[in-house]
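**Student:** Sharing a structure below in structure tokens format, with a few things to ask.
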Amino acid sequence: METFEVQLHNDLHQYLVGLKEVDERLPECPDVEGKWEDIAKAYIPNGVKEFNSFPQASLGWMMYIGMAVAKMWDTEWEIYSNLGNIYTFMRDKRGYDAMDEYIREEVLRLRGTSYDALEKLVGECASRVNNALMHQNYEPGTRSAFEGYVACLHQLYLFGAALQLKRMGYHMEKI
């Protein structure tokens with residue numbers, strides 16, 4: 001599974017560097033990375049349930065979550081880090097289906113073309129990851145399929161955070 005996750009990482013990294021959405025060297029943010037496991041445990045029951053009908057949403061929502069957690073880290077981390085589960089906090093604002101809109105509108109404060117451009121970018125990243133997952137030919141319902149899905153979510157979360165950190169001015173470039 002590690003090889004598949006490395007492939008996902010490399011593909012997303014190359015794609016987002018090409019768009020200048022992340023730097024060649026990705027940021028390290030242990031606080032954001034440290035929330036991954038709790039977020040994933042709470043998210044997976046909802047995400048798995050939606051995956052067959054809406055795979056791009058099931059995957060893409062995790063990229064939005066990574067962006068939101070990075071934004072929270074930059075603003076009021078003392079408060080947000082103690083919420084319990086950040087995913088359930090955001091999900092419960094408007095429900096799972098509208099979580100993308102909640103994050104773009106209320107957390108990231110996007111409007112107009114920025115709002116639409118992020119929707120398109122996250123959709124493309126989710127599509128790329130879903131395509132890679134389908135090409136693994138995992139038997140549905142198996143441990144391998146589940147682990148592949150979790151690897152996809154993990155990379156989307158990390159790249160969502162990296163994307164948002166760069167947008168907020170955290171650049172990982174040589175000076």
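Convention: chains lettered A, B, ... in structure tokens order; per-chain residue numbering from 1; ligands numbered from 1 as shown.
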Can you pull out every residue within 12 Å of Gly169 of chain A, counting only C-alpha atoms, but drop anything in the same chain fewer than 6 positions away, and send it as a list in words?
**Tutor:**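 So, after excluding close chain neighbours, the residues are Glu21, Val22, Asp23, Pro27, Ala70, Lys71, Asp74, Ala162 and Leu163 of chain A.
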**Student:** Got a sec to tell me which of chain A DSSP assigns to alpha helix (DSSP H), as a CSV table (one decimal) with N, CA and C atoms, in the first residue's frame?
**Tutor:**
chain,number,residue,atom,x,y,z
A,2,GLU,N,2.0,1.2,0.7
A,2,GLU,CA,2.9,2.3,0.7
A,2,GLU,C,3.3,2.8,-0.7
A,3,THR,N,3.5,1.9,-1.6
A,3,THR,CA,3.9,2.2,-3.0
A,3,THR,C,2.7,3.0,-3.6
A,4,PHE,N,1.5,2.5,-3.4
A,4,PHE,CA,0.4,3.2,-4.0
A,4,PHE,C,0.3,4.6,-3.5
A,5,GLU,N,0.4,4.8,-2.2
A,5,GLU,CA,0.3,6.1,-1.6
A,5,GLU,C,1.4,7.0,-2.0
A,6,VAL,N,2.6,6.5,-2.2
A,6,VAL,CA,3.7,7.2,-2.8
A,6,VAL,C,3.4,7.7,-4.2
A,7,GLN,N,2.8,6.8,-5.0
A,7,GLN,CA,2.4,7.2,-6.4
A,7,GLN,C,1.4,8.3,-6.4
A,8,LEU,N,0.4,8.2,-5.5
A,8,LEU,CA,-0.6,9.3,-5.3
A,8,LEU,C,0.1,10.6,-5.0
A,9,HIS,N,1.0,10.5,-4.0
A,9,HIS,CA,1.7,11.7,-3.5
A,9,HIS,C,2.5,12.4,-4.7
A,10,ASN,N,3.2,11.5,-5.4
A,10,ASN,CA,4.0,12.1,-6.5
A,10,ASN,C,3.2,12.7,-7.6
A,11,ASP,N,2.0,12.0,-8.0
A,11,ASP,CA,1.2,12.6,-9.0
A,11,ASP,C,0.5,13.9,-8.6
A,12,LEU,N,0.0,13.9,-7.4
A,12,LEU,CA,-0.6,15.2,-6.9
A,12,LEU,C,0.4,16.3,-6.8
A,13,HIS,N,1.6,15.9,-6.3
A,13,HIS,CA,2.7,16.9,-6.1
A,13,HIS,C,3.1,17.5,-7.5
A,14,GLN,N,3.3,16.7,-8.4
A,14,GLN,CA,3.7,17.1,-9.8
A,14,GLN,C,2.6,18.0,-10.4
A,15,TYR,N,1.4,17.6,-10.3
A,15,TYR,CA,0.2,18.3,-10.8
A,15,TYR,C,0.1,19.7,-10.1
A,16,LEU,N,0.1,19.8,-8.8
A,16,LEU,CA,-0.1,21.0,-8.1
A,16,LEU,C,1.2,21.9,-8.2
A,17,VAL,N,2.4,21.4,-8.3
A,17,VAL,CA,3.5,22.2,-8.6
A,17,VAL,C,3.4,22.9,-9.9
A,18,GLY,N,3.0,22.1,-10.9
A,18,GLY,CA,2.8,22.6,-12.3
A,18,GLY,C,1.8,23.7,-12.4
A,30,PRO,N,3.2,19.9,11.8
A,30,PRO,CA,2.8,18.8,12.7
A,30,PRO,C,1.5,18.9,13.4
A,31,ASP,N,1.0,20.1,13.7
A,31,ASP,CA,-0.3,20.3,14.3
A,31,ASP,C,-1.4,19.8,13.4
A,32,VAL,N,-1.3,20.2,12.1
A,32,VAL,CA,-2.3,19.8,11.1
A,32,VAL,C,-2.2,18.3,10.8
A,33,GLU,N,-1.0,17.8,10.6
A,33,GLU,CA,-0.8,16.4,10.4
A,33,GLU,C,-1.3,15.6,11.6
A,34,GLY,N,-1.1,16.1,12.8
A,34,GLY,CA,-1.5,15.4,14.0
A,34,GLY,C,-3.0,15.2,14.1
A,36,TRP,N,-4.9,14.3,11.6
A,36,TRP,CA,-5.3,13.3,10.5
A,36,TRP,C,-6.0,12.1,11.0
A,37,GLU,N,-5.4,11.4,12.0
A,37,GLU,CA,-6.0,10.1,12.4
A,37,GLU,C,-7.4,10.3,13.0
A,38,ASP,N,-7.6,11.3,13.9
A,38,ASP,CA,-8.9,11.5,14.4
A,38,ASP,C,-9.9,11.9,13.4
A,39,ILE,N,-9.5,12.8,12.5
A,39,ILE,CA,-10.4,13.2,11.4
A,39,ILE,C,-10.8,12.0,10.5
A,40,ALA,N,-9.8,11.2,10.1
A,40,ALA,CA,-10.1,10.1,9.3
A,40,ALA,C,-11.0,9.1,9.9
A,41,LYS,N,-10.8,8.8,11.2
A,41,LYS,CA,-11.7,7.8,11.9
A,41,LYS,C,-13.2,8.3,11.9
A,42,ALA,N,-13.4,9.6,12.0
A,42,ALA,CA,-14.7,10.1,12.0
A,42,ALA,C,-15.3,10.3,10.6
A,43,TYR,N,-14.4,10.6,9.7
A,43,TYR,CA,-14.8,10.8,8.3
A,43,TYR,C,-15.2,9.5,7.5
A,44,ILE,N,-14.4,8.5,7.7
A,44,ILE,CA,-14.5,7.3,6.9
A,44,ILE,C,-15.9,6.7,6.8
A,45,PRO,N,-16.7,6.6,7.9
A,45,PRO,CA,-18.0,6.0,7.8
A,45,PRO,C,-18.9,6.8,6.8
A,46,ASN,N,-18.8,8.2,6.8
A,46,ASN,CA,-19.5,9.0,5.9
A,46,ASN,C,-19.0,8.8,4.5
A,47,GLY,N,-17.6,8.9,4.4
A,47,GLY,CA,-17.0,8.9,3.1
A,47,GLY,C,-17.2,7.6,2.3
A,48,VAL,N,-17.1,6.5,3.0
A,48,VAL,CA,-17.3,5.1,2.4
A,48,VAL,C,-18.7,5.0,1.9
A,49,LYS,N,-19.7,5.5,2.7
A,49,LYS,CA,-21.1,5.4,2.4
A,49,LYS,C,-21.4,6.1,1.1
A,50,GLU,N,-20.7,7.2,0.9
A,50,GLU,CA,-20.9,8.1,-0.3
A,50,GLU,C,-20.1,7.7,-1.5
A,51,PHE,N,-19.1,6.9,-1.3
A,51,PHE,CA,-18.1,6.6,-2.4
A,51,PHE,C,-18.7,6.0,-3.6
A,55,PRO,N,-18.0,9.3,-5.9
A,55,PRO,CA,-16.6,9.1,-5.5
A,55,PRO,C,-15.8,10.5,-5.4
A,56,GLN,N,-16.1,11.4,-6.3
A,56,GLN,CA,-15.3,12.6,-6.3
A,56,GLN,C,-15.6,13.4,-5.0
A,57,ALA,N,-16.8,13.4,-4.6
A,57,ALA,CA,-17.2,14.1,-3.4
A,57,ALA,C,-16.6,13.4,-2.2
A,58,SER,N,-16.7,12.1,-2.1
A,58,SER,CA,-16.1,11.3,-1.0
A,58,SER,C,-14.6,11.6,-0.9
A,59,LEU,N,-13.9,11.7,-2.0
A,59,LEU,CA,-12.5,12.0,-1.9
A,59,LEU,C,-12.2,13.5,-1.8
A,60,GLY,N,-12.9,14.3,-2.6
A,60,GLY,CA,-12.6,15.7,-2.6
A,60,GLY,C,-12.9,16.4,-1.3
A,61,TRP,N,-13.9,16.0,-0.6
A,61,TRP,CA,-14.2,16.6,0.7
A,61,TRP,C,-13.0,16.6,1.6
A,62,MET,N,-12.2,15.6,1.6
A,62,MET,CA,-11.0,15.5,2.4
A,62,MET,C,-10.0,16.5,2.1
A,63,MET,N,-9.9,16.9,0.8
A,63,MET,CA,-9.0,18.0,0.5
A,63,MET,C,-9.5,19.3,1.1
A,64,TYR,N,-10.8,19.5,1.0
A,64,TYR,CA,-11.3,20.7,1.7
A,64,TYR,C,-11.0,20.7,3.2
A,65,ILE,N,-11.2,19.5,3.8
A,65,ILE,CA,-10.9,19.4,5.2
A,65,ILE,C,-9.5,19.8,5.5
A,66,GLY,N,-8.6,19.3,4.8
A,66,GLY,CA,-7.2,19.6,5.0
A,66,GLY,C,-6.9,21.1,4.9
A,67,MET,N,-7.6,21.8,3.9
A,67,MET,CA,-7.5,23.2,3.7
A,67,MET,C,-8.0,23.9,5.0
A,68,ALA,N,-9.2,23.5,5.4
A,68,ALA,CA,-9.8,24.1,6.6
A,68,ALA,C,-9.0,24.0,7.8
A,69,VAL,N,-8.4,22.8,8.0
A,69,VAL,CA,-7.6,22.6,9.2
A,69,VAL,C,-6.4,23.5,9.2
A,70,ALA,N,-5.8,23.7,8.0
A,70,ALA,CA,-4.6,24.6,7.9
A,70,ALA,C,-5.0,26.0,8.2
A,71,LYS,N,-6.2,26.4,7.7
A,71,LYS,CA,-6.7,27.8,7.9
A,71,LYS,C,-6.9,28.0,9.4
A,72,MET,N,-7.5,27.0,10.1
A,72,MET,CA,-7.8,27.1,11.5
A,72,MET,C,-6.5,27.1,12.3
A,73,TRP,N,-5.5,26.4,11.8
A,73,TRP,CA,-4.2,26.4,12.5
A,73,TRP,C,-3.6,27.8,12.4
A,74,ASP,N,-3.8,28.5,11.3
A,74,ASP,CA,-3.2,29.8,11.1
A,74,ASP,C,-4.0,30.9,11.9
A,75,THR,N,-5.2,30.6,12.2
A,75,THR,CA,-6.0,31.7,12.8
A,75,THR,C,-6.2,31.5,14.3
A,76,GLU,N,-7.0,30.5,14.7
A,76,GLU,CA,-7.3,30.3,16.1
A,76,GLU,C,-7.1,28.9,16.6
A,77,TRP,N,-5.8,28.5,16.4
A,77,TRP,CA,-5.5,27.1,16.7
A,77,TRP,C,-5.8,26.7,18.2
A,78,GLU,N,-5.6,27.6,19.1
A,78,GLU,CA,-5.8,27.3,20.5
A,78,GLU,C,-7.2,26.9,20.7
A,79,ILE,N,-8.2,27.5,20.0
A,79,ILE,CA,-9.6,27.2,20.1
A,79,ILE,C,-9.9,25.9,19.3
A,80,TYR,N,-9.5,25.9,18.0
A,80,TYR,CA,-9.9,24.8,17.1
A,80,TYR,C,-9.3,23.5,17.5
A,86,ILE,N,-12.5,18.0,14.6
A,86,ILE,CA,-12.7,19.2,13.7
A,86,ILE,C,-13.6,18.8,12.6
A,87,TYR,N,-13.5,17.5,12.1
A,87,TYR,CA,-14.4,17.1,11.0
A,87,TYR,C,-15.8,17.1,11.4
A,88,THR,N,-16.2,16.5,12.5
A,88,THR,CA,-17.6,16.5,12.9
A,88,THR,C,-18.1,17.9,13.2
A,89,PHE,N,-17.2,18.8,13.7
A,89,PHE,CA,-17.6,20.2,13.9
A,89,PHE,C,-18.0,20.8,12.6
A,90,MET,N,-17.2,20.6,11.5
A,90,MET,CA,-17.6,21.2,10.2
A,90,MET,C,-18.8,20.5,9.6
A,91,ARG,N,-18.8,19.2,9.7
A,91,ARG,CA,-19.9,18.4,9.0
A,91,ARG,C,-21.2,18.8,9.6
A,92,ASP,N,-21.3,19.0,10.9
A,92,ASP,CA,-22.5,19.3,11.6
A,92,ASP,C,-23.0,20.8,11.3
A,93,LYS,N,-22.2,21.6,10.7
A,93,LYS,CA,-22.7,23.0,10.4
A,93,LYS,C,-23.8,23.0,9.4
A,94,ARG,N,-23.6,22.2,8.3
A,94,ARG,CA,-24.6,22.1,7.2
A,94,ARG,C,-24.9,20.7,6.7
A,99,MET,N,-20.8,20.2,3.0
A,99,MET,CA,-19.6,20.6,3.8
A,99,MET,C,-18.6,21.3,2.9
A,100,ASP,N,-18.5,21.0,1.6
A,100,ASP,CA,-17.6,21.7,0.7
A,100,ASP,C,-18.0,23.2,0.7
A,101,GLU,N,-19.2,23.5,0.5
A,101,GLU,CA,-19.7,24.9,0.5
A,101,GLU,C,-19.4,25.6,1.8
A,102,TYR,N,-19.7,24.9,2.9
A,102,TYR,CA,-19.4,25.5,4.2
A,102,TYR,C,-17.9,25.9,4.3
A,112,GLY,N,-17.1,34.3,-5.4
A,112,GLY,CA,-16.9,34.5,-6.9
A,112,GLY,C,-16.0,33.5,-7.6
A,113,THR,N,-15.0,34.1,-8.3
A,113,THR,CA,-14.2,33.2,-9.1
A,113,THR,C,-13.2,32.4,-8.3
A,114,SER,N,-12.8,32.9,-7.1
A,114,SER,CA,-12.0,32.1,-6.2
A,114,SER,C,-12.7,30.9,-5.7
A,115,TYR,N,-14.0,31.0,-5.4
A,115,TYR,CA,-14.8,30.0,-4.9
A,115,TYR,C,-15.0,28.9,-6.0
A,116,ASP,N,-15.3,29.3,-7.2
A,116,ASP,CA,-15.4,28.4,-8.3
A,116,ASP,C,-14.1,27.7,-8.7
A,117,ALA,N,-13.0,28.5,-8.7
A,117,ALA,CA,-11.7,27.9,-9.1
A,117,ALA,C,-11.3,26.8,-8.1
A,118,LEU,N,-11.6,27.0,-6.9
A,118,LEU,CA,-11.2,26.0,-5.9
A,118,LEU,C,-12.0,24.8,-6.1
A,119,GLU,N,-13.3,24.9,-6.4
A,119,GLU,CA,-14.2,23.8,-6.6
A,119,GLU,C,-13.6,23.0,-7.8
A,120,LYS,N,-13.2,23.7,-8.8
A,120,LYS,CA,-12.7,23.0,-10.0
A,120,LYS,C,-11.3,22.3,-9.7
A,121,LEU,N,-10.5,22.9,-9.0
A,121,LEU,CA,-9.2,22.4,-8.6
A,121,LEU,C,-9.3,21.1,-7.7
A,122,VAL,N,-10.2,21.2,-6.7
A,122,VAL,CA,-10.4,20.1,-5.8
A,122,VAL,C,-11.1,18.9,-6.6
A,123,GLY,N,-12.0,19.3,-7.5
A,123,GLY,CA,-12.6,18.2,-8.3
A,123,GLY,C,-11.6,17.5,-9.2
A,124,GLU,N,-10.7,18.3,-9.8
A,124,GLU,CA,-9.6,17.6,-10.6
A,124,GLU,C,-8.7,16.7,-9.8
A,125,CYS,N,-8.3,17.2,-8.6
A,125,CYS,CA,-7.5,16.4,-7.7
A,125,CYS,C,-8.2,15.1,-7.3
A,126,ALA,N,-9.5,15.2,-6.9
A,126,ALA,CA,-10.2,14.1,-6.5
A,126,ALA,C,-10.4,13.1,-7.7
A,127,SER,N,-10.6,13.6,-8.9
A,127,SER,CA,-10.7,12.8,-10.1
A,127,SER,C,-9.4,12.0,-10.4
A,128,ARG,N,-8.3,12.7,-10.3
A,128,ARG,CA,-7.0,12.1,-10.5
A,128,ARG,C,-6.8,10.9,-9.5
A,129,VAL,N,-7.1,11.2,-8.3
A,129,VAL,CA,-6.9,10.2,-7.2
A,129,VAL,C,-7.9,9.0,-7.4
A,130,ASN,N,-9.1,9.3,-7.8
A,130,ASN,CA,-10.1,8.3,-8.0
A,130,ASN,C,-9.7,7.4,-9.2
A,131,ASN,N,-9.2,8.0,-10.2
A,131,ASN,CA,-8.7,7.3,-11.4
A,131,ASN,C,-7.5,6.4,-11.0
A,132,ALA,N,-6.6,6.9,-10.2
A,132,ALA,CA,-5.5,6.0,-9.8
A,132,ALA,C,-6.0,4.9,-8.9
A,133,LEU,N,-7.0,5.1,-8.1
A,133,LEU,CA,-7.5,4.1,-7.2
A,133,LEU,C,-8.2,3.0,-8.1
A,134,MET,N,-9.0,3.4,-9.1
A,134,MET,CA,-9.7,2.4,-9.9
A,134,MET,C,-8.7,1.6,-10.7
A,143,ARG,N,-9.9,-5.6,2.2
A,143,ARG,CA,-9.0,-4.8,3.0
A,143,ARG,C,-8.1,-3.9,2.1
A,144,SER,N,-7.7,-4.5,1.0
A,144,SER,CA,-6.8,-3.7,0.1
A,144,SER,C,-7.6,-2.5,-0.5
A,145,ALA,N,-8.8,-2.7,-0.8
A,145,ALA,CA,-9.6,-1.6,-1.3
A,145,ALA,C,-9.8,-0.5,-0.3
A,146,PHE,N,-10.0,-0.9,0.9
A,146,PHE,CA,-10.2,0.0,2.0
A,146,PHE,C,-8.9,0.8,2.3
A,147,GLU,N,-7.8,0.1,2.3
A,147,GLU,CA,-6.5,0.7,2.5
A,147,GLU,C,-6.1,1.7,1.4
A,148,GLY,N,-6.5,1.3,0.2
A,148,GLY,CA,-6.3,2.2,-1.0
A,148,GLY,C,-7.1,3.5,-0.8
A,149,TYR,N,-8.4,3.3,-0.4
A,149,TYR,CA,-9.2,4.5,-0.2
A,149,TYR,C,-8.7,5.4,0.9
A,150,VAL,N,-8.2,4.8,2.0
A,150,VAL,CA,-7.6,5.6,3.1
A,150,VAL,C,-6.3,6.3,2.6
A,151,ALA,N,-5.5,5.7,1.8
A,151,ALA,CA,-4.3,6.3,1.2
A,151,ALA,C,-4.7,7.5,0.4
A,152,CYS,N,-5.8,7.4,-0.4
A,152,CYS,CA,-6.3,8.5,-1.2
A,152,CYS,C,-6.7,9.7,-0.3
A,153,LEU,N,-7.5,9.4,0.7
A,153,LEU,CA,-7.9,10.4,1.7
A,153,LEU,C,-6.7,11.1,2.3
A,154,HIS,N,-5.7,10.3,2.7
A,154,HIS,CA,-4.6,10.9,3.4
A,154,HIS,C,-3.8,11.9,2.6
A,155,GLN,N,-3.6,11.5,1.3
A,155,GLN,CA,-2.9,12.4,0.4
A,155,GLN,C,-3.7,13.6,0.1
A,156,LEU,N,-5.0,13.5,-0.1
A,156,LEU,CA,-5.8,14.7,-0.3
A,156,LEU,C,-5.8,15.6,0.9
A,157,TYR,N,-5.9,15.1,2.1
A,157,TYR,CA,-5.8,15.9,3.3
A,157,TYR,C,-4.5,16.6,3.3
A,158,LEU,N,-3.4,15.9,3.2
A,158,LEU,CA,-2.1,16.6,3.2
A,158,LEU,C,-1.9,17.7,2.2
A,159,PHE,N,-2.3,17.4,0.9
A,159,PHE,CA,-2.2,18.4,-0.1
A,159,PHE,C,-3.2,19.5,0.0
A,160,GLY,N,-4.3,19.2,0.6
A,160,GLY,CA,-5.2,20.3,0.9
A,160,GLY,C,-4.6,21.3,1.9
A,161,ALA,N,-4.0,20.8,2.9
A,161,ALA,CA,-3.3,21.6,3.9
A,161,ALA,C,-2.1,22.3,3.3
A,162,ALA,N,-1.3,21.7,2.4
A,162,ALA,CA,-0.2,22.3,1.8
A,162,ALA,C,-0.7,23.5,0.8
A,163,LEU,N,-1.7,23.2,0.1
A,163,LEU,CA,-2.3,24.2,-0.8
A,163,LEU,C,-2.7,25.4,0.0
A,164,GLN,N,-3.4,25.2,1.1
A,164,GLN,CA,-3.9,26.4,1.9
A,164,GLN,C,-2.8,27.1,2.6
A,165,LEU,N,-1.8,26.4,3.1
A,165,LEU,CA,-0.6,27.0,3.7
A,165,LEU,C,0.1,27.9,2.7
A,166,LYS,N,0.2,27.5,1.5
A,166,LYS,CA,0.9,28.3,0.5
A,166,LYS,C,0.0,29.6,0.2
A,167,ARG,N,-1.3,29.4,0.1
A,167,ARG,CA,-2.2,30.5,-0.2
A,167,ARG,C,-2.2,31.5,0.9
**Student:** Can you measure atom CA of Leu26 of chain A to atom CA of His171 of chain A for me? One decimal in Å is fine.
**Tutor:** 8.5 Å
**Student:** What separation in Å, quoted to one decimal, exists between atom CA of Glu106 of chain A and atom CA of Gly84 of chain A?
**Tutor:**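 Those two atoms sit 19.3 Å apart.
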**Student:** What's the separation between atom CA of Lys35 of chain A and atom CA of Leu108 of chain A, in Å to one decimal place?
**Tutor:**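 The value is 18.4 Å.
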